[in-house]
Amino acid sequence: MTSNETCGQAAIALLERYGVDTVFGMPGVHTLELYRGLVNSRIRHVSVRHEQGAGFMADGYARASGKPGVCVLISGPGLTNAATPIGQAFSDSVPMLILSSVAATPDLGKGRGRLHELTSQQAAMAPLTAFSRTILRSEQLPAAYADAFQVFEASRPRPVHIEVPLDVLAGPAPDIGNRMARRAPQPPDSASVAKAAGLIDRSTRPVILAGGGIVDHGNALVALAEKIGAVVIPTIAAKGAFPDTHPLSLNATLSFPQTQEFLARADLVIAVGTELGGEADVWIDRLPVRGKLIRIDIDPDALNRDYRPDVAILADGGATLSALAAAVSGANGRIDPVEVAELRVRLIDSQPALQKKHLRLLSALRQVLPADGIVATDMTQLAYTGSYFFPCEHPRSWFHPVGYGTLGYGLPSAIGAKIAQPDRAVVSIVGDAGLLFTVQELATAVELRLPMAILLWNNDALGQIAEGMNERGIPEIGVRLRNPDYMKLGEAFGCHTARPGSLAAFQAALQAAFSADGPTLIEVREDSAFLAD
């Protein structure tokens, strides 16, 4: 950095040193020095219509690319507008760097009524991040970045918030030097691997519960599962890491009693990269893990929570799976793939009428979506069915806001994914209520001319909540809301639109969307005749 450059410029230059190529944000009076740094930077700035969109786009970018998504946000409302997507990223272990301004150092915590003032932004962000740090002197900035990328590269990836006071941002730049060396995740302890291998060699009915921590280690997962004859049940966050069509896969069906009964008969469970506590994955308080338990996780807090393991391995999941595959002798007993196939058929056949409609539409989507296509979903019933049954053969191809469960995720996360992977087909699955949470980001997709499909599942209701009220004998309140004409709304933003009247027309609309000169909003109503039996 030259002597006349500011700390704000240095903050952007440091992002370049760490390989960041895209940031999401909306310029404001408190981020001008950061934008000064972006002027001559190689980093692409994606302008959003609401900071919540910036956070969700960064999430989708991170899930699609494997690199941290980055937001540049103003202090106060800019940061708190993004709090929901930051919470979602924290819940789902998504790497995200939030770079924000904050009040000048003489004003911190004073409550003087300064513009965008919070008593403590750091305190507001602390529960949503791996850490939140205030840069009180410019020379603290490089170390903060190094600590952030330590989280992203060698620990459980979660959001990190770095805030820089206005006077520090405008002050002289620090010496940023070179980026710190990349950190490697912790390797497994050989004694623990040997102990776990002994349990595996003595098992006759092993099951692997694979979580989001192994999303990039599918080859190691397949190698171990095939060597020991283990059935793999992924969580929703791990969809595609183990191919859903593999004869040893039970897909992400842990929430179904039939799969839970299958798990109960396992004499050994290997839980890798999963907390074993995701409510949206299991929908019961405790899974029936009755056999021996091996837990593998990079997060020490996850190793003993709720389920006490017979062997706990604090290490990178991929390296540990590879070490186990090398250490075990092979399969003492193998679960018959026919048993697995029959259970998968029973799971599909047991679905009620609404889910059968979902499955028809999802099957039509799968037929035209390329194998490596990406689906980013919102909290909507069509997506819930897809999380369990939509076949994925590749990792980082199904994004669902599992833990925090945020409405509004589907559209902006799909935009972030398309920006990260422009050569892959991208579909957003949204419900009529969820779309309205972040509908303004249609303008972002149109402005960027992103060829992507937005599949709107419209039942003119908060369908899941209405169903829950009816099941409990509660009169419906607030779940049947007036909707706009979504075709006109899409056209007003400049989208292509389609309201298909058949599955063939739906597939044609999808095909056209993947090569269009901008986004296509495709509305399918739950009461569409072509989805009926």
# chains A, B, ... in the order shown; residues from 1 in each chain; ligands from 1
$ select_by_dssp --residues "range 376-533 of chain A" --states "alpha helix (DSSP H)" --output "ChimeraX atom specification"
/A:381-389,410-420,432-437,442-447,463-471,486-493,503-513
$ residues_around --residues "Asp216 in chain A" --least-positions-apart "3" --cutoff "8 Å" --atoms "only C-alpha atoms" --output "list in words"
Gly213, Ala241, Gly318 and Pro395 of chain A
$ atom_distance --atom1 "CA of Gly109 in chain A" --atom2 "CA of His161 in chain A"
17.7 Å
$ residues_around --residues "Leu314 in chain A" --least-positions-apart "3" --cutoff "9 Å" --atoms "only C-alpha atoms" --output "list in words"
Gln186, Pro187, Pro188, Asp189, Arg295, Ile296, Asp297, Ile298, Asp299, Pro300, Leu303 and Gly317 of chain A
$ write_last_selection --atoms "N, CA and C atoms" --output "JSON list (two decimals), in the first residue's frame"
[["chain", "number", "residue", "atom", "x", "y", "z"],
["A", 186, "GLN", "N", -7.24, -30.41, 10.99],
["A", 186, "GLN", "CA", -6.53, -31.35, 11.86],
["A", 186, "GLN", "C", -6.64, -32.77, 11.32],
["A", 187, "PRO", "N", -5.49, -33.48, 11.19],
["A", 187, "PRO", "CA", -5.54, -34.88, 10.74],
["A", 187, "PRO", "C", -5.97, -35.80, 11.89],
["A", 188, "PRO", "N", -6.42, -37.00, 11.57],
["A", 188, "PRO", "CA", -6.88, -37.91, 12.63],
["A", 188, "PRO", "C", -5.72, -38.52, 13.41],
["A", 189, "ASP", "N", -5.97, -38.81, 14.67],
["A", 189, "ASP", "CA", -5.00, -39.49, 15.52],
["A", 189, "ASP", "C", -4.96, -40.98, 15.16],
["A", 295, "ARG", "N", -17.91, -41.23, 16.25],
["A", 295, "ARG", "CA", -18.18, -39.85, 15.84],
["A", 295, "ARG", "C", -16.90, -39.21, 15.33],
["A", 296, "ILE", "N", -17.02, -38.57, 14.16],
["A", 296, "ILE", "CA", -15.88, -37.90, 13.53],
["A", 296, "ILE", "C", -16.32, -36.48, 13.24],
["A", 297, "ASP", "N", -15.58, -35.51, 13.78],
["A", 297, "ASP", "CA", -15.98, -34.12, 13.55],
["A", 297, "ASP", "C", -14.79, -33.21, 13.80],
["A", 298, "ILE", "N", -14.76, -32.10, 13.08],
["A", 298, "ILE", "CA", -13.71, -31.11, 13.26],
["A", 298, "ILE", "C", -14.05, -30.16, 14.41],
["A", 299, "ASP", "N", -15.31, -30.20, 14.87],
["A", 299, "ASP", "CA", -15.79, -29.33, 15.94],
["A", 299, "ASP", "C", -15.79, -30.12, 17.25],
["A", 300, "PRO", "N", -14.94, -29.76, 18.21],
["A", 300, "PRO", "CA", -14.89, -30.54, 19.46],
["A", 300, "PRO", "C", -16.20, -30.54, 20.22],
["A", 303, "LEU", "N", -18.59, -33.53, 19.25],
["A", 303, "LEU", "CA", -18.17, -34.93, 19.38],
["A", 303, "LEU", "C", -18.94, -35.71, 20.45],
["A", 317, "GLY", "N", -13.06, -34.71, 8.39],
["A", 317, "GLY", "CA", -13.84, -35.88, 8.03],
["A", 317, "GLY", "C", -13.29, -36.64, 6.85]]
$ residues_around --residues "Cys392 in chain A" --least-positions-apart "2" --cutoff "12 Å" --atoms "only C-alpha atoms" --output "JSON, numbers by chain"
{"A": [234, 236, 237, 238, 239, 240, 241, 242, 243, 244, 245, 246, 249, 251, 252, 362, 363, 365, 366, 367, 369, 370, 371, 372, 373, 374, 375, 386, 387, 388, 389, 390, 394, 395, 396, 397, 398, 399]}
$ write_last_selection --atoms "N, CA, C and O atoms" --output "compact mmCIF listing (two decimals), in the first residue's frame"
# COMPACT_ATOMS: atom_id res chain seq x y z
N PRO A 234 -27.35 -39.65 4.24
CA PRO A 234 -26.84 -38.29 4.37
C PRO A 234 -27.87 -37.38 5.03
O PRO A 234 -29.08 -37.64 5.00
N ILE A 236 -29.52 -33.48 4.94
CA ILE A 236 -29.87 -32.61 3.80
C ILE A 236 -28.67 -31.80 3.37
O ILE A 236 -28.45 -31.57 2.17
N ALA A 237 -27.84 -31.36 4.32
CA ALA A 237 -26.66 -30.56 3.98
C ALA A 237 -25.63 -31.35 3.19
O ALA A 237 -24.77 -30.77 2.53
N ALA A 238 -25.70 -32.68 3.24
CA ALA A 238 -24.72 -33.52 2.55
C ALA A 238 -25.26 -34.09 1.25
O ALA A 238 -24.58 -34.91 0.62
N LYS A 239 -26.46 -33.69 0.82
CA LYS A 239 -27.05 -34.26 -0.39
C LYS A 239 -26.06 -34.18 -1.56
O LYS A 239 -25.49 -33.13 -1.83
N GLY A 240 -25.90 -35.30 -2.24
CA GLY A 240 -25.05 -35.35 -3.42
C GLY A 240 -23.62 -35.77 -3.15
O GLY A 240 -22.94 -36.22 -4.06
N ALA A 241 -23.15 -35.62 -1.92
CA ALA A 241 -21.78 -36.05 -1.62
C ALA A 241 -21.66 -37.57 -1.81
O ALA A 241 -20.63 -38.07 -2.26
N PHE A 242 -22.70 -38.28 -1.43
CA PHE A 242 -22.84 -39.71 -1.72
C PHE A 242 -23.99 -39.82 -2.71
O PHE A 242 -25.11 -39.44 -2.39
N PRO A 243 -23.74 -40.30 -3.93
CA PRO A 243 -24.79 -40.25 -4.96
C PRO A 243 -26.09 -40.90 -4.49
O PRO A 243 -26.08 -42.02 -3.96
N ASP A 244 -27.19 -40.22 -4.71
CA ASP A 244 -28.49 -40.73 -4.26
C ASP A 244 -28.88 -42.02 -4.97
O ASP A 244 -29.69 -42.79 -4.45
N THR A 245 -28.34 -42.25 -6.18
CA THR A 245 -28.69 -43.47 -6.90
C THR A 245 -27.77 -44.64 -6.56
O THR A 245 -27.96 -45.75 -7.07
N HIS A 246 -26.79 -44.42 -5.69
CA HIS A 246 -25.90 -45.51 -5.29
C HIS A 246 -26.73 -46.58 -4.56
O HIS A 246 -27.59 -46.25 -3.75
N SER A 249 -27.28 -46.12 -0.81
CA SER A 249 -27.79 -44.84 -0.30
C SER A 249 -29.26 -44.96 0.09
O SER A 249 -30.07 -45.49 -0.67
N ASN A 251 -30.66 -42.02 0.86
CA ASN A 251 -31.03 -40.62 0.64
C ASN A 251 -31.23 -39.90 1.99
O ASN A 251 -31.03 -40.49 3.06
N ALA A 252 -31.61 -38.66 1.94
CA ALA A 252 -31.73 -37.86 3.16
C ALA A 252 -33.10 -38.07 3.80
O ALA A 252 -33.91 -37.15 3.89
N LEU A 362 -41.09 -32.62 -9.32
CA LEU A 362 -39.64 -32.76 -9.10
C LEU A 362 -39.03 -33.75 -10.08
O LEU A 362 -37.90 -33.57 -10.53
N SER A 363 -39.76 -34.80 -10.41
CA SER A 363 -39.26 -35.76 -11.39
C SER A 363 -39.10 -35.10 -12.76
O SER A 363 -38.11 -35.33 -13.47
N LEU A 365 -38.54 -31.93 -13.23
CA LEU A 365 -37.37 -31.05 -13.10
C LEU A 365 -36.09 -31.84 -13.24
O LEU A 365 -35.16 -31.44 -13.96
N ARG A 366 -36.01 -33.00 -12.57
CA ARG A 366 -34.78 -33.79 -12.62
C ARG A 366 -34.46 -34.25 -14.05
O ARG A 366 -33.29 -34.34 -14.42
N GLN A 367 -35.48 -34.51 -14.83
CA GLN A 367 -35.27 -34.99 -16.18
C GLN A 367 -34.59 -33.96 -17.08
O GLN A 367 -33.85 -34.34 -18.00
N LEU A 369 -32.93 -30.98 -15.76
CA LEU A 369 -31.82 -30.30 -15.11
C LEU A 369 -30.55 -31.12 -15.32
O LEU A 369 -30.53 -32.32 -15.03
N PRO A 370 -29.46 -30.52 -15.81
CA PRO A 370 -28.21 -31.27 -15.95
C PRO A 370 -27.79 -31.90 -14.63
O PRO A 370 -28.15 -31.41 -13.55
N ALA A 371 -27.01 -32.96 -14.73
CA ALA A 371 -26.61 -33.71 -13.53
C ALA A 371 -25.93 -32.83 -12.51
O ALA A 371 -26.05 -33.04 -11.30
N ASP A 372 -25.17 -31.82 -12.98
CA ASP A 372 -24.46 -30.93 -12.04
C ASP A 372 -25.24 -29.65 -11.77
O ASP A 372 -24.69 -28.70 -11.21
N GLY A 373 -26.50 -29.61 -12.18
CA GLY A 373 -27.30 -28.41 -11.93
C GLY A 373 -27.49 -28.16 -10.44
O GLY A 373 -27.42 -29.06 -9.61
N ILE A 374 -27.72 -26.90 -10.11
CA ILE A 374 -27.86 -26.46 -8.72
C ILE A 374 -29.31 -26.07 -8.46
O ILE A 374 -29.93 -25.37 -9.26
N VAL A 375 -29.85 -26.53 -7.33
CA VAL A 375 -31.19 -26.14 -6.89
C VAL A 375 -31.05 -25.47 -5.53
O VAL A 375 -30.57 -26.08 -4.57
N GLY A 386 -38.48 -32.33 -1.84
CA GLY A 386 -37.25 -32.44 -2.62
C GLY A 386 -36.03 -32.73 -1.76
O GLY A 386 -35.13 -33.47 -2.18
N SER A 387 -35.99 -32.17 -0.57
CA SER A 387 -34.85 -32.41 0.31
C SER A 387 -34.71 -33.90 0.62
O SER A 387 -33.60 -34.41 0.79
N TYR A 388 -35.82 -34.60 0.69
CA TYR A 388 -35.77 -36.03 0.99
C TYR A 388 -35.58 -36.88 -0.27
O TYR A 388 -34.87 -37.89 -0.24
N PHE A 389 -36.21 -36.47 -1.38
CA PHE A 389 -36.33 -37.40 -2.50
C PHE A 389 -35.77 -36.91 -3.83
O PHE A 389 -35.72 -37.70 -4.77
N PHE A 390 -35.38 -35.64 -3.96
CA PHE A 390 -34.85 -35.19 -5.25
C PHE A 390 -33.46 -35.79 -5.44
O PHE A 390 -32.56 -35.55 -4.63
N HIS A 394 -24.21 -35.10 -7.44
CA HIS A 394 -23.01 -34.27 -7.25
C HIS A 394 -23.16 -33.45 -5.97
O HIS A 394 -24.26 -33.02 -5.63
N PRO A 395 -22.05 -33.21 -5.28
CA PRO A 395 -22.12 -32.34 -4.10
C PRO A 395 -22.35 -30.89 -4.50
O PRO A 395 -22.19 -30.52 -5.67
N ARG A 396 -22.73 -30.10 -3.53
CA ARG A 396 -22.96 -28.66 -3.75
C ARG A 396 -23.96 -28.44 -4.88
O ARG A 396 -23.75 -27.59 -5.76
N SER A 397 -25.04 -29.22 -4.86
CA SER A 397 -26.05 -29.07 -5.89
C SER A 397 -27.46 -28.90 -5.33
O SER A 397 -28.39 -28.66 -6.10
N TRP A 398 -27.64 -29.04 -4.01
CA TRP A 398 -28.95 -28.83 -3.38
C TRP A 398 -28.74 -27.99 -2.13
O TRP A 398 -28.09 -28.42 -1.18
N PHE A 399 -29.27 -26.77 -2.13
CA PHE A 399 -29.10 -25.85 -1.00
C PHE A 399 -30.46 -25.60 -0.36
O PHE A 399 -31.39 -25.15 -1.02
$ atom_distance --atom1 "CA of Gln121 in chain A" --atom2 "CA of Ile162 in chain A"
10.2 Å
$ residues_around --residues "Asn81 in chain A" --least-positions-apart "3" --cutoff "7 Å" --atoms "only C-alpha atoms" --output "PDB file with N, CA, C and O atoms, in the first residue's frame"
ATOM      1  N   GLU A  51     -29.943  -5.531   2.117  1.00  0.00           N
ATOM      2  CA  GLU A  51     -28.781  -6.236   2.669  1.00  0.00           C
ATOM      3  C   GLU A  51     -29.084  -7.685   3.030  1.00  0.00           C
ATOM      4  O   GLU A  51     -28.175  -8.509   3.069  1.00  0.00           O
ATOM      5  N   GLN A  52     -30.348  -8.015   3.286  1.00  0.00           N
ATOM      6  CA  GLN A  52     -30.675  -9.417   3.496  1.00  0.00           C
ATOM      7  C   GLN A  52     -30.341 -10.217   2.238  1.00  0.00           C
ATOM      8  O   GLN A  52     -29.836 -11.332   2.308  1.00  0.00           O
ATOM      9  N   PRO A  77     -28.288  -0.404  10.413  1.00  0.00           N
ATOM     10  CA  PRO A  77     -29.323  -1.142   9.691  1.00  0.00           C
ATOM     11  C   PRO A  77     -28.773  -2.040   8.597  1.00  0.00           C
ATOM     12  O   PRO A  77     -29.352  -3.093   8.319  1.00  0.00           O
ATOM     13  N   GLY A  78     -27.678  -1.662   7.945  1.00  0.00           N
ATOM     14  CA  GLY A  78     -27.099  -2.529   6.925  1.00  0.00           C
ATOM     15  C   GLY A  78     -26.686  -3.860   7.507  1.00  0.00           C
ATOM     16  O   GLY A  78     -26.948  -4.928   6.928  1.00  0.00           O
TER      17      GLY A  78
END
$ atom_distance --atom1 "CA of Leu199 in chain A" --atom2 "CA of Gly330 in chain A"
11.8 Å
$ closest_residue --among "A:Arg290, A:Ala62, A:Val20, A:Ala103" --to "His45 in chain A" --atoms "only C-alpha atoms"
A:Val20
$ residues_around --residues "Arg308 in chain A" --least-positions-apart "6" --cutoff "10 Å" --atoms "only C-alpha atoms" --output "ChimeraX atom specification"
/A:292-295
$ write_last_selection --atoms "N, CA and C atoms" --output "CSV table (one decimal), in the first residue's frame"
chain,number,residue,atom,x,y,z
A,292,LYS,N,-22.9,-49.7,18.4
A,292,LYS,CA,-21.7,-48.9,18.7
A,292,LYS,C,-21.7,-47.6,17.9
A,293,LEU,N,-21.1,-46.5,18.4
A,293,LEU,CA,-21.1,-45.2,17.7
A,293,LEU,C,-19.7,-44.7,17.6
A,294,ILE,N,-19.3,-44.4,16.4
A,294,ILE,CA,-18.1,-43.6,16.1
A,294,ILE,C,-18.5,-42.2,15.6
A,295,ARG,N,-17.9,-41.2,16.3
A,295,ARG,CA,-18.2,-39.9,15.8
A,295,ARG,C,-16.9,-39.2,15.3
$ residues_around --residues "range 343-358 of chain A" --least-positions-apart "2" --cutoff "8 Å" --atoms "only C-alpha atoms" --output "PyMOL selection string"
chain A and resi 250+256+258-259+339-341+360-362+382+385-386+389+526+531-532
$ write_last_selection --atoms "N, CA and C atoms" --output "short mmCIF file (atom, residue, chain, number, x, y, z; two decimals), in the first residue's frame"
data_model
loop_
_atom_site.label_atom_id
_atom_site.label_comp_id
_atom_site.auth_asym_id
_atom_site.auth_seq_id
_atom_site.Cartn_x
_atom_site.Cartn_y
_atom_site.Cartn_z
N LEU A 250 -29.58 -44.42 1.26
CA LEU A 250 -30.98 -44.28 1.67
C LEU A 250 -31.46 -42.85 1.53
N PHE A 256 -38.00 -40.04 8.45
CA PHE A 256 -39.08 -40.99 8.27
C PHE A 256 -38.94 -42.18 9.22
N GLN A 258 -39.59 -45.26 8.87
CA GLN A 258 -39.03 -46.46 8.24
C GLN A 258 -37.50 -46.42 8.24
N THR A 259 -36.93 -45.24 7.96
CA THR A 259 -35.47 -45.10 7.97
C THR A 259 -34.94 -45.17 9.39
N GLU A 339 -32.54 -54.93 0.03
CA GLU A 339 -33.26 -54.40 1.19
C GLU A 339 -33.32 -52.88 1.14
N VAL A 340 -32.20 -52.27 0.74
CA VAL A 340 -32.14 -50.81 0.64
C VAL A 340 -33.07 -50.32 -0.46
N ALA A 341 -33.03 -50.96 -1.61
CA ALA A 341 -33.87 -50.57 -2.74
C ALA A 341 -35.35 -50.70 -2.40
N ARG A 360 -44.13 -35.61 -8.74
CA ARG A 360 -44.31 -35.53 -10.20
C ARG A 360 -43.58 -34.32 -10.77
N LEU A 361 -43.71 -33.20 -10.09
CA LEU A 361 -43.05 -31.99 -10.59
C LEU A 361 -41.54 -32.09 -10.45
N LEU A 362 -41.09 -32.62 -9.32
CA LEU A 362 -39.64 -32.76 -9.10
C LEU A 362 -39.03 -33.75 -10.08
N LEU A 382 -42.85 -27.92 -1.35
CA LEU A 382 -42.23 -28.58 -2.50
C LEU A 382 -40.76 -28.86 -2.21
N THR A 385 -40.18 -31.85 0.30
CA THR A 385 -40.22 -33.15 -0.37
C THR A 385 -38.94 -33.37 -1.17
N GLY A 386 -38.48 -32.33 -1.84
CA GLY A 386 -37.25 -32.44 -2.62
C GLY A 386 -36.03 -32.73 -1.76
N PHE A 389 -36.21 -36.47 -1.38
CA PHE A 389 -36.33 -37.40 -2.50
C PHE A 389 -35.77 -36.91 -3.83
N GLU A 526 -50.37 -25.28 -6.93
CA GLU A 526 -50.59 -26.58 -6.29
C GLU A 526 -51.83 -27.27 -6.84
N LEU A 531 -50.93 -31.96 -12.35
CA LEU A 531 -50.23 -32.63 -11.24
C LEU A 531 -51.10 -33.67 -10.55
N ALA A 532 -52.37 -33.71 -10.92
CA ALA A 532 -53.28 -34.67 -10.28
C ALA A 532 -53.04 -36.07 -10.83
#
$ closest_residue --among "A:Ala326, A:Leu442, A:Leu166, A:Ile419" --to "Leu32 in chain A" --atoms "only C-alpha atoms"
A:Leu166
$ select_by_dssp --residues "range 114-145 of chain A" --states "strand (DSSP E or B)" --output "list of chain:residue names"
A:Phe131, A:Ser132, A:Arg133, A:Thr134
$ write_last_selection --atoms "C-alpha atoms" --output "compact mmCIF listing (two decimals), in the first residue's frame"
# COMPACT_ATOMS: atom_id res chain seq x y z
CA PHE A 131 -16.24 -14.36 16.13
CA SER A 132 -17.00 -10.65 15.79
CA ARG A 133 -14.05 -8.27 16.07
CA THR A 134 -13.61 -4.50 16.14
$ closest_residue --among "A:Ala319, A:Ala420, A:Ile477, A:Ala529" --to "Asn219 in chain A" --atoms "only C-alpha atoms"
A:Ala319
